[in-house]
There are 2 protein chains.
Amino acid sequence: MSKRVASGIVPVIRIDRNAAVPLHRQIYDAVRMAISEGRLRPGQHIPSSRLLAKELEVSRLPVLNAYAQLLAEGYLTAQIGSGTAVSGQLPDRFTSTAPVQKNGGASAREGSRKVAQRTATLPSYRMMPWTRNWGAFGVGQVAADSFPLQTWSNIVARRSKNMSVRSFGYGDQMGYLPLRQSIAAYLRTARSVSCDADQILIASGSQQALEISAQVLVDPGDPVWIEEPGYRFSREVFALAGSRLVAVPVDDQGLNVSAGIKMCRRARVAIVTPSHQFPLGVTMSASRRLQLLQWAQQNGSWIIEDDYDSEYRYESSPISSLQGLDNNERVIYIGTFSKVLFPSLRIGYIVVPRDLLGHFVATRRATDLGSPTLTQEVLAEFIGEGHFERHIRRMRLLYKERRSMLVESLRTSLDAACEVIGAEAGLHLTLTLPGLESDYDIALRAASQNLWVWPLSTAYSGGAARNGLILGFGSTQTADIPAAVRKLRGILLNAGSSGA
Amino acid sequence: MSKRVASGIVPVIRIDRNAAVPLHRQIYDAVRMAISEGRLRPGQHIPSSRLLAKELEVSRLPVLNAYAQLLAEGYLTAQIGSGTAVSGQLPDRFTSTAPVQKNGGASAREGSRKVAQRTATLPSYRMMPWTRNWGAFGVGQVAADSFPLQTWSNIVARRSKNMSVRSFGYGDQMGYLPLRQSIAAYLRTARSVSCDADQILIASGSQQALEISAQVLVDPGDPVWIEEPGYRFSREVFALAGSRLVAVPVDDQGLNVSAGIKMCRRARVAIVTPSHQFPLGVTMSASRRLQLLQWAQQNGSWIIEDDYDSEYRYESSPISSLQGLDNNERVIYIGTFSKVLFPSLRIGYIVVPRDLLGHFVATRRATDLGSPTLTQEVLAEFIGEGHFERHIRRMRLLYKERRSMLVESLRTSLDAACEVIGAEAGLHLTLTLPGLESDYDIALRAASQNLWVWPLSTAYSGGAARNGLILGFGSTQTADIPAAVRKLRGILLNAGSSGA
């Protein structure tokens, strides 16, 4: 059936040397059973007679006899040059029973099938087709074709070939030390984060960094400030940890701290994106930063700074981190390589306040023991040799060009009532659609035309949501942007009608 | 200081073209500040004047002037052939203030620093030195020197060089489909698991597989059966999820289901290691398996089958999975490549009952979005080309030899009261020490002599624990085993005295 199935996997065969049934018959029955139960599939190779005899610790003769009979009866076919496989044309009765539970037959299931309440509230992926996409405007996509793949894969090949015995075993749960040293140096210098390598915990992307932080910081029922609108997946992970989410409005200075204090002063944690608020793109003002730090200190609360894409700023000097302003060690700083390198690398990090290190390490251990060693070694070398910095500089120019083209195209094609916001940094911007009915329906329609825009309203946790679209420009070629915007314009002009 | 810090990272420098202070002075002040605050460290390279000028969008002259002054004052040093770096001998006043908060100065911290209660109960890593080790008897270590590294790294190099645009982006949250197909074929045939590729969820090792399962299946306060004694890290992850752990005794038939029913019939989940119980090594009997499945069905509960090392059996035919016996889809089957390939690969998997797939995918998304793509592609090819099967067969012979040597050495060197149990499968066995006081102290003493044995008592969640040692033989060369056993004998003979 599939060419990908591994060849020569030995099926579970029990033989009993003392049984009355002869060995060849036991083997015949076992293989036939494995086929009928779908454990061996049509087209799948079976072990050679020599190998199976060795595995079962019997002589080769009974195996040869059993195989001969299975071949004769059409269960197996001999393929010249490639051994013996399960036949592609099996006797009829097998097709009806194999594979067992192929369709999950609900009728076979009895009794309660209760799962955790929190899990059951997570939205299905099917409701958000735009979160997994490859076409124009994909959010969270990078310019893969401009990645220095040759340099990267040379390091990968070298590191893989020279894996040491230590590289095989479970690594440091905090992460590979040279990588943590490189990250600490980068953060101190480029992001004004005050940290040393021993505070850096490597995680599987910023999502796992958020998850570990949630587990360490909140008990079920604890109130947590989230930005409204905000990043949906950070809401989800705190909801999964049982937090009570308090949606604090974002205005043109960032999170409205006074509003948060009025809504719930005693929140345990505030999650913010101060450098480039997701999705509105606001930079949190200095006074709001100080107010937030003061609230956290007075209230004994924690601040999670999710600095997911601050490497790319186009109009002004880089913004210093909130963590660097904090002299009470209340900020947990989270970063990721998903935007600066590529998402499938799955490496992010947490800068952990020193007195929480023990809790974070223990939680990381219980979570998944650590990240793959090879990827960490490769990344450390890539940074250490200066490729990382060069890549950021090249990409900043490229993304600036794509961004300018997108902003320009939107301004000339679209209604003046639509406003472009948050384009000063990062790999996406937000387009408000004040007149239209449902950005969700527009996004669904756009997806059907291979435009992958996120509806702004889904960034709100409830209540009065602004209508708009979040448009990524990381993976869309500059030259392709005008045509994609025209397509989007067509969809927007039709909005409200049932067309398309 | 460290050669590993990336060169050429641009520090956060703010310049103001309208300010009265000249540009070269602004740049001088900013670099000096970055050094004094520890954001630029001694020995760290700074960007070239050309690069910095470009970044700041100023002419090169003010940058050159600023650098000249910093060089003259000894803040920077010019290194022939390798650019300009922060000086290794800085003026005195800097050494006292930099880096900021280097020692985490508790005096600067004010207010409550409360973390989640559940996290606070996780044991510190320092209490378990033997869980991170490289010497003889390490548990969870494999024969890294027998791994087909050349074959593996060829695949890694090829895959890395040919990364497609899709390989850069966020992958399928369930995992890379061809890998899931290979795993499904393997499990159906070799482990009698009834599954298709669409039920396979790739996770970061069995630990994350357990974590995701915990999040999906239990609400805080829900009772969960764990094996007593059992695998400490699965206890931890369910404790972190807020479960009420019910420690059900294991006897010579595996988990005592009747005892579990008496202790807490209404448990939501039972976590078992039926093929090779950790750490006692018992294979769960057929009648217990049926009893467990019946209880789960009647009670609407779930069973987690952690099949962590069943690939290696030495005395008998492979054991069929519990999942394959279940016709009510109540078993969540978990496996890992940590033992059959190597731990730092960080790939495990879950076979998910079909009606729970939506919950598992949503939880995986909230947890960390997915595993790195490259590793999955490499593993799929490694399995597809038959290397995986060959490796298992070779390793089974090697580990059988190491195991036999260890069993033989223990039997000839040690007191007859010490019993070797659980040696029929896997990469570790357990040695009981009925006479001695504290296996924990023995393990600490052994660790100080580079023998990394796990105390059996720590596998118990409380109450009356058996004394013993869990000994790994995966990474210990056959020829080295007798000497290691003699060393262990010396430690045991001294046990009770304060020696060593």
# chains A, B, ... in the order shown; residues from 1 in each chain; ligands from 1

$ residues_around --residues "Ala259 of chain B" --least-positions-apart "5" --cutoff "10 Å" --atoms "only C-alpha atoms" --output "JSON, numbers by chain"
{"B": [247, 248, 249, 250, 264, 265]}

$ select_by_dssp --residues "segment 449-494 of chain B" --states "strand (DSSP E or B)" --output "list in words"
Leu451, Trp454, Pro455, Gly468, Leu469, Ile470, Leu471 and Gly472 of chain B

$ write_last_selection --atoms "N, CA, C and O atoms" --output "PDB file, in the first residue's frame"
ATOM      1  N   LEU B 451      29.631   5.833  39.936  1.00  0.00           N
ATOM      2  CA  LEU B 451      28.656   4.772  39.639  1.00  0.00           C
ATOM      3  C   LEU B 451      27.279   5.401  39.813  1.00  0.00           C
ATOM      4  O   LEU B 451      26.973   5.945  40.883  1.00  0.00           O
ATOM      5  N   TRP B 454      20.259   4.227  40.598  1.00  0.00           N
ATOM      6  CA  TRP B 454      19.066   4.883  41.154  1.00  0.00           C
ATOM      7  C   TRP B 454      18.605   4.102  42.378  1.00  0.00           C
ATOM      8  O   TRP B 454      18.448   2.877  42.305  1.00  0.00           O
ATOM      9  N   PRO B 455      18.347   4.793  43.488  1.00  0.00           N
ATOM     10  CA  PRO B 455      17.818   4.083  44.660  1.00  0.00           C
ATOM     11  C   PRO B 455      16.372   3.633  44.399  1.00  0.00           C
ATOM     12  O   PRO B 455      15.538   4.440  43.991  1.00  0.00           O
ATOM     13  N   GLY B 468      16.808  -1.002  47.408  1.00  0.00           N
ATOM     14  CA  GLY B 468      17.440  -1.646  46.263  1.00  0.00           C
ATOM     15  C   GLY B 468      18.078  -0.619  45.363  1.00  0.00           C
ATOM     16  O   GLY B 468      18.053   0.580  45.639  1.00  0.00           O
ATOM     17  N   LEU B 469      18.658  -1.110  44.285  1.00  0.00           N
ATOM     18  CA  LEU B 469      19.302  -0.218  43.335  1.00  0.00           C
ATOM     19  C   LEU B 469      18.849  -0.573  41.925  1.00  0.00           C
ATOM     20  O   LEU B 469      18.751  -1.752  41.578  1.00  0.00           O
ATOM     21  N   ILE B 470      18.555   0.458  41.129  1.00  0.00           N
ATOM     22  CA  ILE B 470      18.237   0.253  39.720  1.00  0.00           C
ATOM     23  C   ILE B 470      19.529   0.491  38.941  1.00  0.00           C
ATOM     24  O   ILE B 470      20.149   1.541  39.071  1.00  0.00           O
ATOM     25  N   LEU B 471      19.963  -0.541  38.208  1.00  0.00           N
ATOM     26  CA  LEU B 471      21.239  -0.473  37.497  1.00  0.00           C
ATOM     27  C   LEU B 471      21.000  -0.508  35.991  1.00  0.00           C
ATOM     28  O   LEU B 471      20.403  -1.450  35.471  1.00  0.00           O
ATOM     29  N   GLY B 472      21.469   0.512  35.286  1.00  0.00           N
ATOM     30  CA  GLY B 472      21.403   0.491  33.825  1.00  0.00           C
ATOM     31  C   GLY B 472      22.597  -0.250  33.263  1.00  0.00           C
ATOM     32  O   GLY B 472      23.684  -0.228  33.838  1.00  0.00           O
TER      33      GLY B 472
END

$ residues_around --residues "Thr432 of chain A" --least-positions-apart "5" --cutoff "10 Å" --atoms "only C-alpha atoms" --output "PyMOL selection string"
chain A and resi 280+417-421+439+455-456+466-470

$ atom_distance --atom1 "atom CA of Ser344 of chain B" --atom2 "atom CA of Leu356 of chain A"
25.4 Å

$ residues_around --residues "Gly140 of chain A" --least-positions-apart "2" --cutoff "12 Å" --atoms "only C-alpha atoms" --output "number ranges by chain"
A: 130-138, 142-144, 231, 278-279, 308-309, 336-344, 426-429, 452-454, 470-476; B: 168-170

$ atom_distance --atom1 "atom CA of Ser146 of chain B" --atom2 "atom CA of Thr375 of chain A"
21.8 Å

$ residues_around --residues "segment 17-20 of chain B" --least-positions-apart "4" --cutoff "12 Å" --atoms "only C-alpha atoms" --output "PyMOL selection string"
chain B and resi 24-27+56-59+62

$ closest_residue --among "A:Glu424, A:Asp368, A:Asp441, A:Glu37" --to "chain B" --atoms "only C-alpha atoms"
A:Asp368

$ residues_around --residues "Glu437 of chain A" --least-positions-apart "3" --cutoff "10 Å" --atoms "only C-alpha atoms" --output "short mmCIF file (atom, residue, chain, number, x, y, z; two decimals) with N, CA, C and O atoms, in the first residue's frame"
data_model
loop_
_atom_site.label_atom_id
_atom_site.label_comp_id
_atom_site.auth_asym_id
_atom_site.auth_seq_id
_atom_site.Cartn_x
_atom_site.Cartn_y
_atom_site.Cartn_z
N LEU A 433 -11.09 47.29 9.51
CA LEU A 433 -12.19 47.29 8.54
C LEU A 433 -13.43 47.81 9.24
O LEU A 433 -14.33 47.04 9.57
N PRO A 434 -13.50 49.11 9.47
CA PRO A 434 -14.55 49.63 10.32
C PRO A 434 -15.96 49.41 9.77
O PRO A 434 -16.90 49.21 10.53
N TYR A 440 -14.27 37.46 10.27
CA TYR A 440 -14.14 36.01 10.30
C TYR A 440 -14.59 35.42 8.96
O TYR A 440 -13.89 34.60 8.35
N ASP A 441 -15.76 35.87 8.48
CA ASP A 441 -16.25 35.38 7.18
C ASP A 441 -15.31 35.79 6.05
O ASP A 441 -15.07 35.03 5.12
N ILE A 442 -14.77 37.03 6.16
CA ILE A 442 -13.84 37.50 5.13
C ILE A 442 -12.60 36.61 5.10
O ILE A 442 -12.12 36.21 4.04
N ASN A 467 -13.26 45.00 13.99
CA ASN A 467 -13.15 44.22 12.77
C ASN A 467 -11.85 44.57 12.05
O ASN A 467 -11.50 45.75 11.97
N ALA A 495 -17.67 41.80 0.28
CA ALA A 495 -18.05 41.46 1.65
C ALA A 495 -19.47 41.93 1.94
O ALA A 495 -19.85 43.05 1.62
N GLY A 496 -20.22 41.06 2.57
CA GLY A 496 -21.62 41.39 2.82
C GLY A 496 -22.51 40.65 1.84
O GLY A 496 -23.55 40.13 2.20
#

$ closest_residue --among "A:Arg289, A:Arg14, A:Arg486, A:Arg313" --to "chain B" --atoms "only C-alpha atoms"
A:Arg14

$ atom_distance --atom1 "atom CA of Arg268 of chain A" --atom2 "atom CA of Asn256 of chain A"
16.6 Å

$ select_by_dssp --residues "segment 226-475 of chain A" --states "helix (DSSP H, G or I)" --output "VMD selection string"
chain A and resid 232 to 240 257 to 264 286 to 299 323 to 325 343 to 345 354 to 368 373 to 384 387 to 413 439 to 448 456 to 459
